[in-house]
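Source file: coords03.cif. Holds: mmCIF, C-alpha atoms.
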data_protein
#
loop_
_atom_site.group_PDB
_atom_site.id
_atom_site.type_symbol
_atom_site.label_atom_id
_atom_site.label_comp_id
_atom_site.auth_asym_id
_atom_site.auth_seq_id
_atom_site.Cartn_x
_atom_site.Cartn_y
_atom_site.Cartn_z
ATOM 1 C CA MET T 13 117.852 140.320 122.896
ATOM 2 C CA GLN T 14 120.368 140.924 120.081
ATOM 3 C CA LYS T 15 121.726 144.030 121.825
ATOM 4 C CA GLN T 16 122.114 142.091 125.085
ATOM 5 C CA ARG T 17 124.066 139.352 123.265
ATOM 6 C CA ILE T 18 126.339 141.954 121.632
ATOM 7 C CA ASN T 19 126.951 143.652 124.984
ATOM 8 C CA SER T 20 127.784 140.286 126.544
ATOM 9 C CA SER T 21 130.252 139.524 123.750
ATOM 10 C CA ILE T 22 131.880 142.932 124.110
ATOM 11 C CA MET T 23 132.255 142.395 127.866
ATOM 12 C CA THR T 24 133.791 138.941 127.326
ATOM 13 C CA ILE T 25 136.273 140.278 124.765
ATOM 14 C CA THR T 26 137.174 143.248 126.970
ATOM 15 C CA THR T 27 137.584 141.071 130.041
ATOM 16 C CA ALA T 28 139.721 138.571 128.127
ATOM 17 C CA ALA T 29 141.925 141.396 126.794
ATOM 18 C CA ILE T 30 142.415 142.799 130.294
ATOM 19 C CA SER T 31 143.203 139.297 131.572
ATOM 20 C CA VAL T 32 145.781 138.714 128.832
ATOM 21 C CA ALA T 33 147.395 142.058 129.665
ATOM 22 C CA LEU T 34 147.460 141.132 133.368
ATOM 23 C CA ILE T 35 149.112 137.748 132.859
ATOM 24 C CA THR T 36 151.586 139.241 130.369
ATOM 25 C CA VAL T 37 152.707 141.967 132.767
ATOM 26 C CA CYS T 38 152.931 139.376 135.553
ATOM 27 C CA ALA T 39 155.087 137.177 133.293
ATOM 28 C CA TRP T 40 157.461 140.060 132.650
ATOM 29 C CA ILE T 41 157.951 140.614 136.395
ATOM 30 C CA SER T 42 160.591 137.945 136.746
ATOM 31 C CA ILE T 43 163.405 136.934 139.057
ATOM 32 C CA PRO T 44 166.050 134.720 137.435
ATOM 33 C CA ALA T 45 165.536 130.989 137.747
ATOM 34 C CA PHE T 46 166.055 129.151 141.007
ATOM 35 C CA GLY T 47 167.689 126.531 138.840
ATOM 36 C CA PRO T 48 168.783 126.603 135.240
ATOM 37 C CA PHE T 49 165.250 126.585 133.799
ATOM 38 C CA VAL T 50 162.283 127.903 135.752
ATOM 39 C CA PRO T 51 162.104 131.631 136.567
ATOM 40 C CA PHE T 52 160.103 133.054 139.444
ATOM 41 C CA THR T 53 157.275 135.181 137.991
ATOM 42 C CA LEU T 54 153.889 136.487 139.032
ATOM 43 C CA GLN T 55 152.060 134.506 136.324
ATOM 44 C CA THR T 56 150.397 132.213 138.835
ATOM 45 C CA LEU T 57 149.100 135.287 140.682
ATOM 46 C CA ALA T 58 147.425 136.406 137.448
ATOM 47 C CA VAL T 59 146.053 132.909 136.818
ATOM 48 C CA PHE T 60 144.592 132.816 140.345
ATOM 49 C CA VAL T 61 143.020 136.279 139.937
ATOM 50 C CA ILE T 62 141.547 135.415 136.521
ATOM 51 C CA GLY T 63 140.103 132.178 137.882
ATOM 52 C CA ALA T 64 138.738 133.917 140.956
ATOM 53 C CA LEU T 65 137.091 136.821 139.173
ATOM 54 C CA PHE T 66 135.746 135.472 135.914
ATOM 55 C CA ASP T 67 133.604 132.628 134.644
ATOM 56 C CA LEU T 68 134.921 129.517 132.926
ATOM 57 C CA LYS T 69 134.321 130.821 129.395
ATOM 58 C CA THR T 70 136.186 134.081 129.981
ATOM 59 C CA GLY T 71 139.020 132.330 131.819
ATOM 60 C CA VAL T 72 139.501 129.772 129.040
ATOM 61 C CA ILE T 73 139.349 132.420 126.305
ATOM 62 C CA SER T 74 141.861 134.575 128.190
ATOM 63 C CA LEU T 75 144.411 131.802 128.664
ATOM 64 C CA CYS T 76 143.975 130.463 125.121
ATOM 65 C CA VAL T 77 144.560 133.946 123.666
ATOM 66 C CA TYR T 78 147.612 134.390 125.923
ATOM 67 C CA ILE T 79 149.108 131.048 124.862
ATOM 68 C CA LEU T 80 148.342 131.631 121.163
ATOM 69 C CA LEU T 81 149.827 135.138 121.211
ATOM 70 C CA GLY T 82 153.023 133.770 122.724
ATOM 71 C CA THR T 83 153.129 130.801 120.365
ATOM 72 C CA PHE T 84 152.809 133.064 117.317
ATOM 73 C CA GLY T 85 155.644 135.359 118.360
ATOM 74 C CA VAL T 86 154.278 138.053 120.662
ATOM 75 C CA PRO T 87 156.709 138.223 123.625
ATOM 76 C CA VAL T 88 154.168 137.583 126.380
ATOM 77 C CA PHE T 89 155.996 134.843 128.291
ATOM 78 C CA SER T 90 158.544 135.298 131.067
ATOM 79 C CA GLY T 91 161.808 136.842 129.958
ATOM 80 C CA PHE T 92 159.925 138.345 126.995
ATOM 81 C CA LYS T 93 160.052 134.932 125.308
ATOM 82 C CA SER T 94 157.724 133.805 122.569
ATOM 83 C CA GLY T 95 157.414 131.295 119.778
ATOM 84 C CA ILE T 96 156.712 127.615 119.475
ATOM 85 C CA GLY T 97 160.014 126.845 121.222
ATOM 86 C CA ALA T 98 158.813 128.545 124.395
ATOM 87 C CA VAL T 99 155.693 126.381 124.449
ATOM 88 C CA THR T 100 157.382 123.127 123.466
ATOM 89 C CA GLY T 101 160.491 123.684 125.592
ATOM 90 C CA PRO T 102 161.067 122.411 129.128
ATOM 91 C CA THR T 103 158.807 124.975 130.831
ATOM 92 C CA GLY T 104 156.089 124.969 128.166
ATOM 93 C CA GLY T 105 154.031 122.508 130.171
ATOM 94 C CA TYR T 106 153.623 125.077 132.925
ATOM 95 C CA ILE T 107 152.393 127.627 130.384
ATOM 96 C CA LEU T 108 149.800 125.128 129.146
ATOM 97 C CA GLY T 109 149.138 124.134 132.760
ATOM 98 C CA PHE T 110 147.915 127.678 133.454
ATOM 99 C CA LEU T 111 144.919 126.946 131.216
ATOM 100 C CA PHE T 112 144.035 123.816 133.176
ATOM 101 C CA ALA T 113 144.579 125.664 136.454
ATOM 102 C CA VAL T 114 142.009 128.311 135.443
ATOM 103 C CA ILE T 115 139.564 125.607 134.396
ATOM 104 C CA THR T 116 140.010 123.873 137.755
ATOM 105 C CA ILE T 117 139.560 127.089 139.742
ATOM 106 C CA CYS T 118 136.416 128.019 137.804
ATOM 107 C CA LEU T 119 134.922 124.550 138.253
ATOM 108 C CA PHE T 120 135.486 124.652 142.011
ATOM 109 C CA LYS T 121 134.004 128.149 142.096
ATOM 110 C CA LYS T 122 130.812 126.776 140.530
ATOM 111 C CA ILE T 123 130.269 124.620 143.616
ATOM 112 C CA LYS T 124 129.579 127.711 145.706
ATOM 113 C CA SER T 125 130.449 130.980 143.995
ATOM 114 C CA ASP T 126 130.504 133.155 147.104
ATOM 115 C CA SER T 127 132.614 130.786 149.219
ATOM 116 C CA ILE T 128 136.219 131.769 149.881
ATOM 117 C CA VAL T 129 136.835 128.179 151.026
ATOM 118 C CA CYS T 130 135.717 126.762 147.644
ATOM 119 C CA LEU T 131 137.826 129.381 145.887
ATOM 120 C CA ALA T 132 140.911 128.558 147.975
ATOM 121 C CA ILE T 133 140.455 124.813 147.463
ATOM 122 C CA GLY T 134 140.011 125.459 143.733
ATOM 123 C CA MET T 135 143.230 127.476 143.638
ATOM 124 C CA ILE T 136 145.145 124.742 145.474
ATOM 125 C CA ALA T 137 143.722 122.119 143.104
ATOM 126 C CA GLY T 138 144.501 124.340 140.107
ATOM 127 C CA LEU T 139 148.073 124.791 141.287
ATOM 128 C CA ILE T 140 148.468 121.031 141.719
ATOM 129 C CA VAL T 141 147.100 120.509 138.195
ATOM 130 C CA CYS T 142 149.541 123.095 136.809
ATOM 131 C CA TYR T 143 152.480 121.581 138.709
ATOM 132 C CA THR T 144 151.545 118.080 137.555
ATOM 133 C CA PHE T 145 151.117 119.026 133.915
ATOM 134 C CA GLY T 146 154.279 121.137 133.858
ATOM 135 C CA THR T 147 156.430 118.612 135.701
ATOM 136 C CA ILE T 148 155.412 115.714 133.462
ATOM 137 C CA TRP T 149 156.081 117.898 130.403
ATOM 138 C CA PHE T 150 159.474 118.964 131.807
ATOM 139 C CA TYR T 151 160.377 115.311 132.425
ATOM 140 C CA LEU T 152 159.301 114.222 128.944
ATOM 141 C CA VAL T 153 161.314 117.006 127.267
ATOM 142 C CA PHE T 154 164.439 115.881 129.096
ATOM 143 C CA MET T 155 163.785 112.234 128.272
ATOM 144 C CA HIS T 156 163.236 113.164 124.610
ATOM 145 C CA ASN T 157 166.557 115.019 124.562
ATOM 146 C CA GLY T 158 168.325 111.939 125.907
ATOM 147 C CA GLU T 159 169.018 113.461 129.297
ATOM 148 C CA THR T 160 168.056 111.524 132.359
ATOM 149 C CA LYS T 161 166.703 113.300 135.373
ATOM 150 C CA SER T 162 164.740 111.704 138.135
ATOM 151 C CA ILE T 163 161.266 112.934 138.964
ATOM 152 C CA LEU T 164 162.586 113.902 142.408
ATOM 153 C CA SER T 165 165.307 116.109 140.924
ATOM 154 C CA ILE T 166 162.773 117.727 138.598
ATOM 155 C CA LEU T 167 160.402 118.339 141.514
ATOM 156 C CA GLY T 168 163.353 119.899 143.351
ATOM 157 C CA MET T 169 163.956 122.269 140.427
ATOM 158 C CA CYS T 170 160.438 123.011 139.251
ATOM 159 C CA VAL T 171 158.019 122.633 142.153
ATOM 160 C CA VAL T 172 159.549 122.682 145.640
ATOM 161 C CA PRO T 173 161.113 126.189 145.400
ATOM 162 C CA PHE T 174 157.789 127.577 144.179
ATOM 163 C CA ILE T 175 155.347 126.112 146.707
ATOM 164 C CA ILE T 176 155.607 128.817 149.372
ATOM 165 C CA PRO T 177 155.752 131.749 146.896
ATOM 166 C CA ASP T 178 152.726 130.309 145.056
ATOM 167 C CA LEU T 179 150.785 129.936 148.319
ATOM 168 C CA VAL T 180 151.560 133.596 149.098
ATOM 169 C CA LYS T 181 150.394 134.575 145.593
ATOM 170 C CA MET T 182 147.261 132.514 146.158
ATOM 171 C CA ALA T 183 146.468 134.411 149.362
ATOM 172 C CA ALA T 184 147.132 137.718 147.593
ATOM 173 C CA ALA T 185 144.827 136.659 144.737
ATOM 174 C CA VAL T 186 141.994 135.861 147.160
ATOM 175 C CA VAL T 187 142.367 139.306 148.765
ATOM 176 C CA LEU T 188 142.634 141.068 145.378
ATOM 177 C CA ALA T 189 139.669 139.219 143.922
ATOM 178 C CA ASN T 190 137.622 139.993 147.006
ATOM 179 C CA ARG T 191 138.505 143.701 146.783
ATOM 180 C CA VAL T 192 137.904 144.221 143.078
ATOM 181 C CA SER T 193 134.925 141.936 142.498
ATOM 182 C CA VAL T 194 132.372 144.480 143.777
ATOM 183 C CA PRO T 195 133.541 147.332 141.500
ATOM 184 C CA LEU T 196 133.826 144.912 138.584
ATOM 185 C CA LYS T 197 130.258 143.704 139.198
ATOM 186 C CA LYS T 198 129.018 147.287 139.173
ATOM 187 C CA MET T 199 130.746 147.844 135.810
ATOM 188 C CA GLY T 200 129.309 144.590 134.411
ATOM 189 C CA PHE T 201 132.584 142.689 134.056
ATOM 190 C CA VAL T 202 131.751 139.954 136.559
#
Let me see whether you can do it: turn the structure in this file into structure tokens.
Amino acid sequence: MQKQRINSSIMTITTAAISVALITVCAWISIPAFGPFVPFTLQTLAVFVIGALFDLKTGVISLCVYILLGTFGVPVFSGFKSGIGAVTGPTGGYILGFLFAVITICLFKKIKSDSIVCLAIGMIAGLIVCYTFGTIWFYLVFMHNGETKSILSILGMCVVPFIIPDLVKMAAAVVLANRVSVPLKKMGFV
């Protein structure tokens, strides 16, 4: 029993480390911002894959480690950014929103774990949660700085340009998760 618990812990730590590496590399693959603030990255692809492949505990640990590493100075965010300023700045809400997106995806996956429909609905819901959290944060940062921007202008900068690319990343994540889940199960990661 003790050995089984240790093996389970080792698998969780290993899986979380691989997930953090995946989201970090996806954050570094970046196209300059559509507007002055939000870059186009593959982070949401990594979030979708993590949510699709792993359980809630592993997903939450992975995203918490990622956010903490970036907060404490490891350049894991897009543009090789890090530090408290990256998390509390205008786009920090999207970084924190990734955590809630993974939670949402994993919760939907619990409904029926082998259903691609539940997974896709979970990813859409997770993306909406991330967009909502990030957009509200973005708005509040601007309001705090004394700048006035309407919610519609913020949606035009931070959400609208990303909807189609994020839907494409979602489809790619479903295909990737479907392809790698069998080998990962055989190795004991899933």
List every protein, DNA or RNA residue that has at least one atom no more than 12 Å from (157.4, 123.4, 120.3) in the file's coordinates, counting only C-alpha atoms, and write the result as a PyMOL selection string.
chain T and resi 82-84+94-105+108+149+153
Given the PyMOL selection byres ((chain T and resi 131) around 9), the residues it picks as a PDB file with C-alpha atoms, keeping the file's coordinate frame:
ATOM      1  CA  GLY T  63     140.103 132.178 137.882  1.00  0.00           C
ATOM      2  CA  ALA T  64     138.738 133.917 140.956  1.00  0.00           C
ATOM      3  CA  ILE T 117     139.560 127.089 139.742  1.00  0.00           C
ATOM      4  CA  CYS T 118     136.416 128.019 137.804  1.00  0.00           C
ATOM      5  CA  PHE T 120     135.486 124.652 142.011  1.00  0.00           C
ATOM      6  CA  LYS T 121     134.004 128.149 142.096  1.00  0.00           C
ATOM      7  CA  LYS T 124     129.579 127.711 145.706  1.00  0.00           C
ATOM      8  CA  SER T 125     130.449 130.980 143.995  1.00  0.00           C
ATOM      9  CA  ASP T 126     130.504 133.155 147.104  1.00  0.00           C
ATOM     10  CA  SER T 127     132.614 130.786 149.219  1.00  0.00           C
ATOM     11  CA  ILE T 128     136.219 131.769 149.881  1.00  0.00           C
ATOM     12  CA  VAL T 129     136.835 128.179 151.026  1.00  0.00           C
ATOM     13  CA  CYS T 130     135.717 126.762 147.644  1.00  0.00           C
ATOM     14  CA  ALA T 132     140.911 128.558 147.975  1.00  0.00           C
ATOM     15  CA  ILE T 133     140.455 124.813 147.463  1.00  0.00           C
ATOM     16  CA  GLY T 134     140.011 125.459 143.733  1.00  0.00           C
ATOM     17  CA  MET T 135     143.230 127.476 143.638  1.00  0.00           C
ATOM     18  CA  ILE T 136     145.145 124.742 145.474  1.00  0.00           C
ATOM     19  CA  VAL T 186     141.994 135.861 147.160  1.00  0.00           C
TER      20      VAL T 186
END
Selection near range 71-78 of chain T, 6 Å with all atoms listed in the file, sequence-local residues under 4 positions removed, as a list in words:
Ala28, Ser31, Val32 and Leu111 of chain T
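Going from CA of Leu167 in chain T over to CA of Leu188 in chain T, you cover 29.1 Å.
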Enter the distance from CA of Phe112 in chain T to CA of Leu80 in chain T, in Å, rounded to one decimal.
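Straight-line distance from CA of Phe112 in chain T to CA of Leu80 in chain T works out to 15.0 Å.
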Which residues, written as a list of chain:residue names, have at least one atom at most 9 Å from Ser42 in chain T, with only C-alpha atoms counted and residues fewer than 3 positions away on the same chain left out?
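So the residues in contact are T:Cys38, T:Ala39, T:Ala45, T:Pro51, T:Phe52, T:Thr53, T:Leu54, T:Ser90, T:Gly91.
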Please identify all polymer residues within 12 Å of range 168-180 of chain T, counting all atoms listed in the file, omitting same-chain residues fewer than 4 positions from it, and present them as an MDAnalysis selection string.
chainID T and resid 45:60 102:103 105:106 132:133 135:151 161:164 184:187
If you measure from CA of Leu196 in chain T to CA of Met23 in chain T, what distance in Å do you get, rounded to one decimal?
11.1 Å
